[in-house]
Amino acid sequence: MRFDRIWFNARLATLAGDSTGLGIMEDGAVAAKDGRIAFAGPARDLPTGWDAVDRIDCEGRWITPGLIDCHTHLVFGGDRAQEFELRLKGASYEEIARAGGGIISTVKATRAAREDDLVAGALLRLDHLMAEGCTTVEVKSGYGLDLETETRMLRAARRLGEERPVSITTTFLGAHALPPEANGDKDAYIDEICGTMLPAVASEGLADAVDAFCEGIAFSPEQTARVFAAAHALGLRTKLHADQLSNLHGAKLAAEYGALSADHLEYTDEEGAAAMAKAGTVAVLLPGAFYMLRETQLPPVAAFRKHGTRIALATDCNPGTSPLTSILLAMNMGATLFRLTVEECLAGVTREAARALGRSDEIGSLEPGKSCDLAIWNIERPAELVYRIGFNPLHARIWRGQ
C-alpha cells in the first residue's frame, strides 16, 4: 500500500471511540492518503509492503488529533480593555451591559469596520490558536445585530479559512443582544431575526449553525425557542449560550431542540444535565469567561459525569469577557478551576469539541477516513498539555495531511 505520507516512531493519543480514555499507543504510526487518515494504530499493524512518498520519523514524539476550538467570537471590531478596568473597580457584567457597555460597545465598533479590517483583526487571533495546534475553529457572529453587519461578519469568518490552512465553522448569533435601535422591544427584534435575518443567512449558506444568548440581560427562553424553531425550519442546527448568569433552564431548552451544544452552564441544574445527556447535547465549558468575570458558581461537572453528558472545552475568545487565544491555557483552566481530569480536558478539545460542532464523523480523533488533522508534541506524557502554563510544546501542526 502506498501512502502520501506516514509519521512513524510516534506515541499516539487517538481519542478514538466513545470511551473516556485517550486511546494511547506507545509505538504508533499515522498514514495519510488524499488528505485523510488511511491508517492510525500500532506500527506492527501497518499493511504488508507499505510505502510512502514522505516518511517522517517522529523520534518518539506524541501525536494527538488536531485541536478544536468549538466556541469563539474571533471576528469583531475594537476592544474592551476599558471595561476590564471597570470590573477591576467593582462593576459587574450586568452593570456594564445595562450602562451601554458590554456587547453593545463592540457592536458599534464592528458596524463601523470594513470586512477587510474584520478579517485582518481575526487573523491575528486565529494565528495564536493555530500556533497551539488548532486545526478547526468555530466562529460566531453576534456583534452586528443587523442584517448587513451580521452577514459581513459571517463572510469575514468564512474568509479566514481561505487565508489560512484551517477549517472554519460559522455560527449565526443574531440573538446575542438587543440592538440600540430596537428601543427595548425584544419581541420585535426576534421577529426580525426569524423573518428576515435567518432566511437571508440560510439562503447565502453563511452559517453552519444558529446560536442565541438565553439570559436575563439578553433573551428569554420563549424568545430563544422562536429562534430555534425558525432555524430548524431552515434546516440549521442550533447551539445555545445557556445558564451563564442565572438558571433560566437554558440547558433543558437546548436539549429539547436537539442542540449540538449548550455553552457556559454555570447555573445548570441536575434536570438540565440529564436532559442534555439524553439528547446528546454537548456541555461546552468556558473557563476563560469564568475567570475573567471572577465568577464563583461552578458548572455542575459532577452532574454531567453522573448522567454521561459529554463535556467540551473552548476559549470563548471575545473582546469583553474572555480575551483568550490559548487553547492550552483553556485546558489548564478547565482542570484547575473546574477540576476536570486530563482525559476530560484533552477529549474536550478534540473528540467532544468535534461532537459539539456536529462534525465527529470528520474530525476529533485519529481514525481512518477522518481528515488527517494532527498535532505533534514535544512532551513526555499527555498531561503536560494540561499542566504547563504559558508554554507551547507544539512541534508540528498537520492539516489535511499537509
# chains A, B, ... in the order shown; residues from 1 in each chain; ligands from 1

call {"tool": "residues_around", "arguments": {"residues": "region 295-307 of chain A", "least_positions_apart": "3", "cutoff": "7 Å", "atoms": "only C-alpha atoms", "output": "ChimeraX atom specification"}}
result
/A:265-268,270,273-274,277,290-291,338

call {"tool": "closest_atom_pairs", "arguments": {"of": "region 167-272 of chain A", "to": "region 86-99 of chain A", "cutoff": "10 Å", "atoms": "only C-alpha atoms", "output": "CSV"}}
result
residue,atom,partner,partner_atom,distance
A:Ala177,CA,A:Ala97,CA,9.7
A:Gly216,CA,A:Glu94,CA,9.3
A:Ile217,CA,A:Glu94,CA,7.1
A:Ala218,CA,A:Ala97,CA,9.9
A:Leu245,CA,A:Glu94,CA,9.2

call {"tool": "write_last_selection", "arguments": {"atoms": "all heavy atoms", "output": "JSON list (two decimals), in the first residue's frame"}}
result
[["chain", "number", "residue", "atom", "x", "y", "z"],
["A", 177, "ALA", "N", -27.73, 40.07, 21.64],
["A", 177, "ALA", "CA", -28.13, 41.20, 22.47],
["A", 177, "ALA", "C", -29.16, 42.00, 21.69],
["A", 177, "ALA", "O", -29.38, 41.76, 20.50],
["A", 177, "ALA", "CB", -26.92, 42.07, 22.82],
["A", 216, "GLY", "N", -31.15, 36.72, 31.40],
["A", 216, "GLY", "CA", -31.97, 37.85, 31.79],
["A", 216, "GLY", "C", -31.58, 39.13, 31.07],
["A", 216, "GLY", "O", -32.45, 39.95, 30.74],
["A", 217, "ILE", "N", -30.29, 39.34, 30.81],
["A", 217, "ILE", "CA", -29.84, 40.55, 30.13],
["A", 217, "ILE", "C", -29.91, 40.40, 28.61],
["A", 217, "ILE", "O", -29.54, 41.33, 27.89],
["A", 217, "ILE", "CB", -28.41, 40.93, 30.55],
["A", 217, "ILE", "CG1", -27.42, 39.82, 30.17],
["A", 217, "ILE", "CG2", -28.34, 41.25, 32.03],
["A", 217, "ILE", "CD1", -25.96, 40.20, 30.37],
["A", 218, "ALA", "N", -30.35, 39.25, 28.15],
["A", 218, "ALA", "CA", -30.43, 39.00, 26.70],
["A", 218, "ALA", "C", -31.85, 38.58, 26.34],
["A", 218, "ALA", "O", -32.75, 39.42, 26.29],
["A", 218, "ALA", "CB", -29.40, 37.95, 26.29],
["A", 245, "LEU", "N", -25.40, 33.19, 33.88],
["A", 245, "LEU", "CA", -25.54, 34.13, 35.00],
["A", 245, "LEU", "C", -26.70, 33.78, 35.91],
["A", 245, "LEU", "O", -26.79, 34.31, 37.02],
["A", 245, "LEU", "CB", -25.70, 35.56, 34.47],
["A", 245, "LEU", "CG", -24.61, 36.04, 33.49],
["A", 245, "LEU", "CD1", -24.98, 37.38, 32.91],
["A", 245, "LEU", "CD2", -23.26, 36.10, 34.20]]

call {"tool": "select_by_dssp", "arguments": {"residues": "region 282-330 of chain A", "states": "strand (DSSP E)", "output": "MDAnalysis selection string"}}
result
chainID A and resid 282:285 311:313

call {"tool": "closest_residue", "arguments": {"among": "A:Ser220, A:Ala209, A:Thr106, A:Glu215", "to": "Ser246 (chain A)", "atoms": "only C-alpha atoms"}}
result
A:Glu215

call {"tool": "closest_residue", "arguments": {"among": "A:Arg111, A:Arg159, A:Arg5, A:Arg294", "to": "Arg36 (chain A)", "atoms": "only C-alpha atoms"}}
result
A:Arg5

call {"tool": "atom_distance", "arguments": {"atom1": "CA of Ala52 (chain A)", "atom2": "CA of Cys372 (chain A)"}}
result
15.0 Å

call {"tool": "select_by_dssp", "arguments": {"residues": "region 241-271 of chain A", "states": "alpha helix (DSSP H)", "output": "PyMOL selection string"}}
result
chain A and resi 250-256+270-271

call {"tool": "residues_around", "arguments": {"residues": "Arg152 (chain A)", "least_positions_apart": "3", "cutoff": "9 Å", "atoms": "only C-alpha atoms", "output": "list of chain:residue names"}}
result
A:Arg114, A:Glu115, A:Leu118, A:Ser141, A:Gly144, A:Leu147, A:Glu148, A:Thr149, A:Arg155, A:Ala156, A:Ala157

call {"tool": "residues_around", "arguments": {"residues": "region 22-27 of chain A", "least_positions_apart": "6", "cutoff": "6 Å", "atoms": "only C-alpha atoms", "output": "number ranges by chain"}}
result
A: 10-15, 42

call {"tool": "write_last_selection", "arguments": {"atoms": "N, CA and C atoms", "output": "tab-separated table (two decimals), in the first residue's frame"}}
result
chain	number	residue	atom	x	y	z
A	10	ALA	N	6.17	7.05	16.73
A	10	ALA	CA	5.40	8.05	17.47
A	10	ALA	C	4.58	7.36	18.56
A	11	ARG	N	4.24	8.13	19.57
A	11	ARG	CA	3.27	7.70	20.57
A	11	ARG	C	1.95	8.42	20.27
A	12	LEU	N	0.88	7.67	20.25
A	12	LEU	CA	-0.41	8.22	19.83
A	12	LEU	C	-1.39	8.33	20.99
A	13	ALA	N	-2.14	9.41	20.98
A	13	ALA	CA	-3.35	9.53	21.79
A	13	ALA	C	-4.47	9.68	20.77
A	14	THR	N	-5.11	8.57	20.40
A	14	THR	CA	-6.02	8.57	19.26
A	14	THR	C	-7.37	9.22	19.57
A	15	LEU	N	-7.79	9.22	20.83
A	15	LEU	CA	-9.12	9.72	21.23
A	15	LEU	C	-10.23	9.01	20.46
A	42	PRO	N	-0.95	0.79	15.97
A	42	PRO	CA	0.38	0.25	16.25
A	42	PRO	C	1.18	0.04	14.97

call {"tool": "closest_atom_pairs", "arguments": {"of": "region 69-153 of chain A", "to": "region 364-368 of chain A", "cutoff": "12 Å", "atoms": "only C-alpha atoms", "output": "JSON lines"}}
result
{"residue": "A:Asp69", "atom": "CA", "partner": "A:Gly364", "partner_atom": "CA", "distance": 10.9}
{"residue": "A:Cys70", "atom": "CA", "partner": "A:Gly364", "partner_atom": "CA", "distance": 11.1}
{"residue": "A:Cys134", "atom": "CA", "partner": "A:Gly364", "partner_atom": "CA", "distance": 10.9}
{"residue": "A:Thr135", "atom": "CA", "partner": "A:Gly364", "partner_atom": "CA", "distance": 9.8}
{"residue": "A:Thr136", "atom": "CA", "partner": "A:Gly364", "partner_atom": "CA", "distance": 9.3}
{"residue": "A:Val137", "atom": "CA", "partner": "A:Gly364", "partner_atom": "CA", "distance": 11.9}

call {"tool": "atom_distance", "arguments": {"atom1": "CA of Gly288 (chain A)", "atom2": "CA of Leu129 (chain A)"}}
result
14.3 Å

call {"tool": "residues_around", "arguments": {"residues": "Val107 (chain A)", "least_positions_apart": "4", "cutoff": "12 Å", "atoms": "only C-alpha atoms", "output": "ChimeraX atom specification"}}
result
/A:75-80,100-103,111-113,141-146,149-150,153,174,176-181,319-320

call {"tool": "residues_around", "arguments": {"residues": "region 359-363 of chain A", "least_positions_apart": "4", "cutoff": "9 Å", "atoms": "only C-alpha atoms", "output": "list in words"}}
result
Pro65, Gly66, Ile68, Thr136, Thr350, Arg351, Glu352, Ala353, Ala354, Arg355, Glu367, Gly369, Lys370, Ser371, Cys372 and Asp373 of chain A

call {"tool": "closest_residue", "arguments": {"among": "A:Ala81, A:Val30, A:Ile327, A:Ala283", "to": "Trp62 (chain A)", "atoms": "only C-alpha atoms"}}
result
A:Val30

call {"tool": "residues_around", "arguments": {"residues": "His241 (chain A)", "least_positions_apart": "3", "cutoff": "10 Å", "atoms": "only C-alpha atoms", "output": "list in words"}}
result
Leu173, His176, Asp211, Ala212, Phe213, Cys214, Glu215, Gln244, Gly250, Ala251, Ala254, Ser261, Ala262, Asp263, His264, Leu265 and Val284 of chain A

call {"tool": "write_last_selection", "arguments": {"atoms": "all heavy atoms", "output": "short mmCIF file (atom, residue, chain, number, x, y, z; two decimals), in the first residue's frame"}}
result
data_model
loop_
_atom_site.label_atom_id
_atom_site.label_comp_id
_atom_site.auth_asym_id
_atom_site.auth_seq_id
_atom_site.Cartn_x
_atom_site.Cartn_y
_atom_site.Cartn_z
N LEU A 173 -25.23 34.27 15.31
CA LEU A 173 -25.63 34.62 16.68
C LEU A 173 -26.32 35.98 16.69
O LEU A 173 -25.97 36.87 17.45
CB LEU A 173 -24.39 34.60 17.60
CG LEU A 173 -24.58 34.92 19.08
CD1 LEU A 173 -25.59 34.00 19.74
CD2 LEU A 173 -23.23 34.84 19.81
N HIS A 176 -27.88 37.76 20.14
CA HIS A 176 -26.80 37.90 21.12
C HIS A 176 -27.14 38.99 22.13
O HIS A 176 -26.87 38.87 23.32
CB HIS A 176 -25.50 38.24 20.39
CG HIS A 176 -24.26 38.03 21.22
ND1 HIS A 176 -23.03 38.52 20.82
CD2 HIS A 176 -24.05 37.39 22.39
CE1 HIS A 176 -22.13 38.18 21.71
NE2 HIS A 176 -22.71 37.50 22.68
N ASP A 211 -27.07 30.22 16.97
CA ASP A 211 -26.87 30.32 18.42
C ASP A 211 -27.75 31.44 18.96
O ASP A 211 -28.27 32.27 18.20
CB ASP A 211 -25.39 30.62 18.70
CG ASP A 211 -24.95 30.26 20.11
OD1 ASP A 211 -25.81 30.10 21.00
OD2 ASP A 211 -23.73 30.16 20.33
N ALA A 212 -27.91 31.48 20.27
CA ALA A 212 -28.63 32.56 20.94
C ALA A 212 -28.11 32.68 22.36
O ALA A 212 -27.48 31.75 22.89
CB ALA A 212 -30.13 32.28 20.96
N PHE A 213 -28.35 33.83 22.98
CA PHE A 213 -27.95 34.09 24.36
C PHE A 213 -29.21 34.11 25.20
O PHE A 213 -29.98 35.08 25.16
CB PHE A 213 -27.19 35.41 24.44
CG PHE A 213 -26.55 35.71 25.78
CD1 PHE A 213 -26.40 34.74 26.76
CD2 PHE A 213 -26.09 37.00 26.06
CE1 PHE A 213 -25.80 35.02 27.98
CE2 PHE A 213 -25.49 37.29 27.28
CZ PHE A 213 -25.35 36.31 28.24
N CYS A 214 -29.46 33.04 25.93
CA CYS A 214 -30.66 32.92 26.77
C CYS A 214 -30.29 33.33 28.18
O CYS A 214 -29.69 32.55 28.94
CB CYS A 214 -31.18 31.48 26.72
SG CYS A 214 -32.71 31.22 27.64
N GLU A 215 -30.63 34.56 28.55
CA GLU A 215 -30.23 35.11 29.84
C GLU A 215 -31.08 36.33 30.14
O GLU A 215 -31.67 36.93 29.22
CB GLU A 215 -28.74 35.47 29.81
CG GLU A 215 -28.12 35.79 31.15
CD GLU A 215 -28.31 34.69 32.19
OE1 GLU A 215 -27.65 33.64 32.10
OE2 GLU A 215 -29.16 34.90 33.08
N GLN A 244 -25.55 30.97 32.10
CA GLN A 244 -24.26 31.54 32.49
C GLN A 244 -24.37 32.37 33.77
O GLN A 244 -23.51 32.27 34.66
CB GLN A 244 -23.68 32.43 31.38
CG GLN A 244 -22.34 33.05 31.76
CD GLN A 244 -21.81 34.02 30.71
OE1 GLN A 244 -22.51 34.38 29.77
NE2 GLN A 244 -20.58 34.45 30.88
N GLY A 250 -31.94 27.01 30.42
CA GLY A 250 -31.49 27.03 29.03
C GLY A 250 -30.94 25.69 28.58
O GLY A 250 -31.11 25.31 27.41
N ALA A 251 -30.26 24.98 29.47
CA ALA A 251 -29.72 23.67 29.10
C ALA A 251 -30.83 22.72 28.69
O ALA A 251 -30.73 22.00 27.69
CB ALA A 251 -28.92 23.09 30.26
N ALA A 254 -32.18 23.78 25.29
CA ALA A 254 -31.29 23.34 24.21
C ALA A 254 -31.49 21.86 23.91
O ALA A 254 -31.56 21.45 22.74
CB ALA A 254 -29.83 23.61 24.61
N SER A 261 -24.90 21.84 21.15
CA SER A 261 -24.25 22.12 22.43
C SER A 261 -25.02 23.18 23.19
O SER A 261 -25.80 23.95 22.62
CB SER A 261 -22.81 22.60 22.21
OG SER A 261 -22.78 23.92 21.68
N ALA A 262 -24.79 23.20 24.49
CA ALA A 262 -25.17 24.32 25.35
C ALA A 262 -23.88 24.74 26.05
O ALA A 262 -23.13 23.89 26.52
CB ALA A 262 -26.24 23.91 26.36
N ASP A 263 -23.63 26.05 26.10
CA ASP A 263 -22.32 26.55 26.49
C ASP A 263 -22.40 27.49 27.69
O ASP A 263 -23.39 28.22 27.85
CB ASP A 263 -21.68 27.28 25.31
CG ASP A 263 -21.61 26.42 24.04
OD1 ASP A 263 -22.43 25.49 23.92
OD2 ASP A 263 -20.77 26.67 23.18
N HIS A 264 -21.36 27.50 28.49
CA HIS A 264 -21.23 28.21 29.78
C HIS A 264 -21.74 27.30 30.89
O HIS A 264 -20.97 26.65 31.56
CB HIS A 264 -21.95 29.56 29.80
CG HIS A 264 -21.28 30.62 29.00
ND1 HIS A 264 -20.06 31.17 29.37
CD2 HIS A 264 -21.65 31.25 27.86
CE1 HIS A 264 -19.70 32.09 28.49
NE2 HIS A 264 -20.65 32.15 27.55
N LEU A 265 -23.05 27.34 31.20
CA LEU A 265 -23.72 26.34 32.04
C LEU A 265 -23.40 26.41 33.53
O LEU A 265 -23.64 25.44 34.27
CB LEU A 265 -23.41 24.92 31.53
CG LEU A 265 -23.78 24.66 30.07
CD1 LEU A 265 -23.30 23.28 29.64
CD2 LEU A 265 -25.27 24.79 29.85
N VAL A 284 -20.43 22.60 26.66
CA VAL A 284 -19.18 23.29 26.34
C VAL A 284 -18.86 24.25 27.49
O VAL A 284 -19.56 25.24 27.71
CB VAL A 284 -19.28 24.06 25.01
CG1 VAL A 284 -17.96 24.79 24.73
CG2 VAL A 284 -19.59 23.10 23.87
#

call {"tool": "atom_distance", "arguments": {"atom1": "CA of Gly21 (chain A)", "atom2": "CA of Val342 (chain A)"}}
result
9.7 Å

call {"tool": "closest_residue", "arguments": {"among": "A:Asp316, A:Glu85, A:Asp45, A:Glu343", "to": "Ala330 (chain A)", "atoms": "only C-alpha atoms"}}
result
A:Asp316

call {"tool": "closest_residue", "arguments": {"among": "A:Met197, A:Arg2, A:Thr64, A:Gly133", "to": "Gly49 (chain A)", "atoms": "only C-alpha atoms"}}
result
A:Arg2

call {"tool": "closest_residue", "arguments": {"among": "A:Thr110, A:Thr196, A:Thr171, A:Thr224", "to": "Arg237 (chain A)", "atoms": "only C-alpha atoms"}}
result
A:Thr171
